[in-house]
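As provided, query.tsv (TSV, N, CA and C atoms) reads as follows.
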```tsv
chain	number	residue	atom	x	y	z
A	1	MET	N	202.58	100.62	128.66
A	1	MET	CA	201.90	101.15	127.51
A	1	MET	C	202.89	101.20	126.35
A	2	LYS	N	202.38	100.86	125.18
A	2	LYS	CA	203.20	100.85	123.99
A	2	LYS	C	202.93	102.11	123.17
A	3	VAL	N	203.99	102.78	122.71
A	3	VAL	CA	203.86	103.96	121.86
A	3	VAL	C	204.57	103.69	120.55
A	4	ASN	N	203.85	103.85	119.44
A	4	ASN	CA	204.42	103.68	118.10
A	4	ASN	C	204.44	105.03	117.40
A	5	VAL	N	205.61	105.43	116.91
A	5	VAL	CA	205.73	106.64	116.10
A	5	VAL	C	205.92	106.17	114.67
A	6	ILE	N	204.98	106.56	113.80
A	6	ILE	CA	204.97	106.06	112.43
A	6	ILE	C	205.12	107.24	111.47
A	7	GLY	N	206.03	107.12	110.53
A	7	GLY	CA	206.19	108.14	109.50
A	7	GLY	C	207.19	109.23	109.83
A	8	GLY	N	208.00	109.03	110.84
A	8	GLY	CA	208.99	110.03	111.20
A	8	GLY	C	209.56	109.74	112.58
A	9	GLU	N	210.22	110.73	113.12
A	9	GLU	CA	210.82	110.60	114.45
A	9	GLU	C	210.26	111.68	115.37
A	10	MET	N	210.27	111.37	116.66
A	10	MET	CA	209.73	112.28	117.65
A	10	MET	C	210.57	112.17	118.92
A	11	SER	N	210.82	113.28	119.56
A	11	SER	CA	211.62	113.27	120.79
A	11	SER	C	210.78	112.69	121.95
A	12	PRO	N	211.46	112.18	122.96
A	12	PRO	CA	210.73	111.68	124.13
A	12	PRO	C	209.83	112.75	124.77
A	13	GLN	N	210.25	114.00	124.74
A	13	GLN	CA	209.44	115.09	125.30
A	13	GLN	C	208.15	115.27	124.51
A	14	GLU	N	208.24	115.19	123.18
A	14	GLU	CA	207.04	115.31	122.35
A	14	GLU	C	206.08	114.15	122.61
A	15	ILE	N	206.63	112.96	122.73
A	15	ILE	CA	205.80	111.78	123.01
A	15	ILE	C	205.08	111.97	124.35
A	16	ASP	N	205.82	112.44	125.36
A	16	ASP	CA	205.22	112.69	126.68
A	16	ASP	C	204.09	113.71	126.61
A	17	GLU	N	204.24	114.73	125.76
A	17	GLU	CA	203.19	115.73	125.58
A	17	GLU	C	201.92	115.11	124.99
A	18	TYR	N	202.08	114.23	124.01
A	18	TYR	CA	200.92	113.57	123.42
A	18	TYR	C	200.25	112.63	124.43
A	19	ILE	N	201.04	111.94	125.23
A	19	ILE	CA	200.48	111.07	126.27
A	19	ILE	C	199.67	111.91	127.26
A	20	ALA	N	200.22	113.05	127.67
A	20	ALA	CA	199.52	113.94	128.60
A	20	ALA	C	198.23	114.47	127.98
A	21	TYR	N	198.28	114.82	126.69
A	21	TYR	CA	197.10	115.32	125.98
A	21	TYR	C	195.97	114.28	125.99
A	22	VAL	N	196.33	113.04	125.67
A	22	VAL	CA	195.32	111.98	125.64
A	22	VAL	C	194.78	111.74	127.05
A	23	GLY	N	195.66	111.80	128.05
A	23	GLY	CA	195.21	111.61	129.43
A	23	GLY	C	194.20	112.67	129.87
A	24	LYS	N	194.40	113.90	129.42
A	24	LYS	CA	193.45	114.98	129.76
A	24	LYS	C	192.15	114.85	128.96
A	25	LYS	N	192.26	114.38	127.72
A	25	LYS	CA	191.08	114.26	126.88
A	25	LYS	C	190.18	113.11	127.32
A	26	TYR	N	190.77	112.04	127.83
A	26	TYR	CA	190.03	110.85	128.25
A	26	TYR	C	190.35	110.52	129.71
A	27	PRO	N	189.89	111.35	130.65
A	27	PRO	CA	190.21	111.09	132.06
A	27	PRO	C	189.57	109.78	132.53
A	28	GLY	N	190.28	109.07	133.37
A	28	GLY	CA	189.76	107.84	133.93
A	28	GLY	C	189.95	106.61	133.06
A	29	ARG	N	190.47	106.77	131.86
A	29	ARG	CA	190.71	105.63	130.98
A	29	ARG	C	192.20	105.33	130.95
A	30	GLN	N	192.54	104.07	130.86
A	30	GLN	CA	193.94	103.67	130.84
A	30	GLN	C	194.37	103.31	129.42
A	31	LEU	N	195.43	103.95	128.98
A	31	LEU	CA	195.95	103.68	127.64
A	31	LEU	C	196.65	102.33	127.59
A	32	ARG	N	196.36	101.59	126.54
A	32	ARG	CA	197.06	100.34	126.28
A	32	ARG	C	198.12	100.57	125.22
A	33	GLN	N	197.76	101.38	124.19
A	33	GLN	CA	198.68	101.65	123.09
A	33	GLN	C	198.35	103.01	122.49
A	34	LEU	N	199.38	103.69	122.02
A	34	LEU	CA	199.22	104.99	121.38
A	34	LEU	C	200.02	104.98	120.09
A	35	ASP	N	199.34	105.22	118.97
A	35	ASP	CA	200.00	105.33	117.67
A	35	ASP	C	200.03	106.80	117.27
A	36	LEU	N	201.21	107.32	116.99
A	36	LEU	CA	201.37	108.69	116.54
A	36	LEU	C	201.81	108.64	115.08
A	37	LEU	N	200.92	109.06	114.18
A	37	LEU	CA	201.17	108.98	112.74
A	37	LEU	C	201.57	110.36	112.24
A	38	ILE	N	202.82	110.51	111.85
A	38	ILE	CA	203.34	111.79	111.38
A	38	ILE	C	203.06	111.92	109.89
A	39	ASP	N	202.40	113.02	109.52
A	39	ASP	CA	202.06	113.30	108.12
A	39	ASP	C	202.44	114.75	107.84
A	40	GLY	N	203.70	114.95	107.48
A	40	GLY	CA	204.18	116.32	107.25
A	40	GLY	C	204.20	117.10	108.55
A	41	GLU	N	203.42	118.18	108.60
A	41	GLU	CA	203.36	119.01	109.80
A	41	GLU	C	202.27	118.55	110.77
A	42	PHE	N	201.51	117.53	110.39
A	42	PHE	CA	200.39	117.07	111.19
A	42	PHE	C	200.70	115.73	111.84
A	43	VAL	N	200.06	115.50	113.00
A	43	VAL	CA	200.19	114.22	113.69
A	43	VAL	C	198.79	113.69	113.98
A	44	ASP	N	198.50	112.50	113.48
A	44	ASP	CA	197.24	111.84	113.80
A	44	ASP	C	197.49	110.93	115.00
A	45	ILE	N	196.51	110.87	115.87
A	45	ILE	CA	196.65	110.08	117.10
A	45	ILE	C	195.61	108.96	117.07
A	46	ARG	N	196.09	107.74	117.26
A	46	ARG	CA	195.20	106.59	117.43
A	46	ARG	C	195.40	106.08	118.85
A	47	THR	N	194.30	105.98	119.57
A	47	THR	CA	194.38	105.54	120.97
A	47	THR	C	193.72	104.17	121.12
A	48	TYR	N	194.30	103.35	121.94
A	48	TYR	CA	193.77	102.04	122.29
A	48	TYR	C	193.76	101.95	123.80
A	49	PHE	N	192.58	101.67	124.36
A	49	PHE	CA	192.44	101.67	125.81
A	49	PHE	C	192.34	100.26	126.35
A	50	LYS	N	192.70	100.12	127.62
A	50	LYS	CA	192.52	98.85	128.31
A	50	LYS	C	191.04	98.66	128.57
A	51	ASP	N	190.61	97.40	128.59
A	51	ASP	CA	189.22	97.11	128.92
A	51	ASP	C	188.94	97.51	130.36
A	52	THR	N	187.74	98.03	130.59
A	52	THR	CA	187.38	98.41	131.94
A	52	THR	C	186.53	97.31	132.55
A	53	ASP	N	186.65	97.14	133.84
A	53	ASP	CA	185.85	96.15	134.55
A	53	ASP	C	184.42	96.66	134.68
A	54	PHE	N	183.49	95.77	134.47
A	54	PHE	CA	182.08	96.14	134.61
A	54	PHE	C	181.73	96.16	136.08
A	55	GLN	N	181.08	97.22	136.50
A	55	GLN	CA	180.61	97.31	137.88
A	55	GLN	C	179.10	97.14	137.87
A	56	HIS	N	178.60	96.34	138.81
A	56	HIS	CA	177.17	96.15	138.91
A	56	HIS	C	176.52	97.45	139.36
A	57	ALA	N	175.45	97.83	138.70
A	57	ALA	CA	174.73	99.05	139.05
A	57	ALA	C	173.32	98.68	139.46
A	58	TYR	N	172.82	99.34	140.48
A	58	TYR	CA	171.48	99.12	140.97
A	58	TYR	C	170.62	100.33	140.61
A	59	ARG	N	169.45	100.07	140.04
A	59	ARG	CA	168.57	101.17	139.66
A	59	ARG	C	167.66	101.46	140.85
A	60	SER	N	167.62	102.71	141.23
A	60	SER	CA	166.79	103.12	142.35
A	60	SER	C	166.21	104.48	142.08
A	61	ALA	N	164.89	104.57	142.04
A	61	ALA	CA	164.20	105.85	141.85
A	61	ALA	C	164.75	106.62	140.65
A	62	ASP	N	164.90	105.91	139.52
A	62	ASP	CA	165.35	106.51	138.26
A	62	ASP	C	166.78	107.03	138.26
A	63	TYR	N	167.62	106.54	139.12
A	63	TYR	CA	169.04	106.83	139.03
A	63	TYR	C	169.80	105.58	139.40
A	64	LEU	N	171.06	105.51	138.99
A	64	LEU	CA	171.87	104.32	139.23
A	64	LEU	C	172.86	104.54	140.36
A	65	VAL	N	173.01	103.51	141.18
A	65	VAL	CA	174.04	103.54	142.22
A	65	VAL	C	174.83	102.25	142.09
A	66	ASN	N	176.09	102.28	142.47
A	66	ASN	CA	176.90	101.07	142.38
A	66	ASN	C	177.23	100.49	143.75
A	67	ASP	N	176.58	101.01	144.78
A	67	ASP	CA	176.83	100.53	146.13
A	67	ASP	C	175.50	100.52	146.89
A	68	MET	N	175.09	99.35	147.35
A	68	MET	CA	173.81	99.23	148.05
A	68	MET	C	173.78	100.06	149.35
A	69	ASP	N	174.94	100.34	149.93
A	69	ASP	CA	174.98	101.10	151.18
A	69	ASP	C	174.46	102.52	151.00
A	70	LYS	N	174.41	103.01	149.78
A	70	LYS	CA	173.93	104.36	149.54
A	70	LYS	C	172.40	104.45	149.55
A	71	LEU	N	171.75	103.28	149.54
A	71	LEU	CA	170.29	103.25	149.52
A	71	LEU	C	169.72	103.25	150.93
A	72	ASN	N	168.50	103.77	151.07
A	72	ASN	CA	167.87	103.76	152.39
A	72	ASN	C	167.39	102.34	152.71
A	73	ASP	N	166.93	102.12	153.94
A	73	ASP	CA	166.54	100.78	154.40
A	73	ASP	C	165.42	100.18	153.55
A	74	ALA	N	164.44	101.00	153.18
A	74	ALA	CA	163.31	100.48	152.39
A	74	ALA	C	163.79	99.98	151.02
A	75	LYS	N	164.66	100.73	150.36
A	75	LYS	CA	165.17	100.31	149.06
A	75	LYS	C	166.04	99.06	149.19
A	76	GLN	N	166.84	98.98	150.25
A	76	GLN	CA	167.67	97.79	150.45
A	76	GLN	C	166.79	96.55	150.63
A	77	LYS	N	165.69	96.70	151.37
A	77	LYS	CA	164.77	95.58	151.57
A	77	LYS	C	164.12	95.20	150.24
A	78	GLU	N	163.72	96.21	149.46
A	78	GLU	CA	163.11	95.96	148.15
A	78	GLU	C	164.05	95.15	147.26
A	79	PHE	N	165.31	95.51	147.23
A	79	PHE	CA	166.29	94.78	146.41
A	79	PHE	C	166.52	93.36	146.93
A	80	SER	N	166.52	93.19	148.26
A	80	SER	CA	166.76	91.85	148.81
A	80	SER	C	165.60	90.90	148.51
A	81	GLU	N	164.37	91.44	148.37
A	81	GLU	CA	163.20	90.61	148.10
A	81	GLU	C	162.92	90.45	146.60
A	82	LYS	N	163.65	91.16	145.78
A	82	LYS	CA	163.41	91.16	144.34
A	82	LYS	C	163.85	89.82	143.72
A	83	GLN	N	163.05	89.33	142.77
A	83	GLN	CA	163.40	88.09	142.09
A	83	GLN	C	164.55	88.34	141.13
A	84	ARG	N	165.57	87.51	141.19
A	84	ARG	CA	166.74	87.66	140.33
A	84	ARG	C	166.55	86.83	139.06
A	85	HIS	N	166.95	87.38	137.95
A	85	HIS	CA	166.92	86.68	136.67
A	85	HIS	C	168.35	86.45	136.22
A	86	GLY	N	168.72	85.20	136.05
A	86	GLY	CA	170.07	84.87	135.61
A	86	GLY	C	170.25	85.14	134.12
A	87	VAL	N	171.46	85.45	133.75
A	87	VAL	CA	171.78	85.67	132.35
A	87	VAL	C	172.53	84.45	131.85
A	88	GLY	N	171.98	83.81	130.83
A	88	GLY	CA	172.65	82.66	130.23
A	88	GLY	C	172.54	81.39	131.06
A	89	GLU	N	171.66	81.35	132.05
A	89	GLU	CA	171.51	80.16	132.87
A	89	GLU	C	170.41	79.29	132.30
A	90	ASP	N	170.57	77.98	132.44
A	90	ASP	CA	169.52	77.05	132.02
A	90	ASP	C	168.40	77.10	133.03
A	91	GLU	N	167.17	77.08	132.55
A	91	GLU	CA	166.04	77.15	133.47
A	91	GLU	C	165.36	75.83	133.55
```

Show the structure stored in the file as structure tokens.
Amino acid sequence: MKVNVIGGEMSPQEIDEYIAYVGKKYPGRQLRQLDLLIDGEFVDIRTYFKDTDFQHAYRSADYLVNDMDKLNDAKQKEFSEKQRHGVGEDE
């Protein structure tokens, strides 16, 4: 992860505190870059996150699941017999 301190200087401990703050504010997201903009007594934070991988989600009874094993046998059969529509495929 890249950290940029702009407009002044900051100790490694202060930088670590800002990294921890962002980690608590955005749990589950991975930081790619952090810009800390010093403006007098204030610090503005710009966060840049890594892209997240898309997980396929299955809609079942008005809720989403990302694992077919969580569905009962009837729902699994329904999904296996369902017609698939390709995205961006020539027909």

Please report the interatomic distance between atom C of Tyr48 of chain A and atom N of Gln30 of chain A in Å with one decimal.
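These two atoms are separated by 7.5 Å.
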
Quick one, how far is atom CA of Glu14 of chain A from atom CA of Phe49 of chain A?
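It comes out at 20.3 Å.
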
Pick out the closest residue to Lys2 of chain A from this set: A:Asp73, A:Gln33, A:Ile38, A:Val22. Count only N, CA and C atoms.
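Between A:Asp73, A:Gln33, A:Ile38, A:Val22, the residue approaching Lys2 of chain A most closely is A:Gln33.
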
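Between atom CA of Tyr18 of chain A and atom N of Asp51 of chain A the separation is 19.9 Å.
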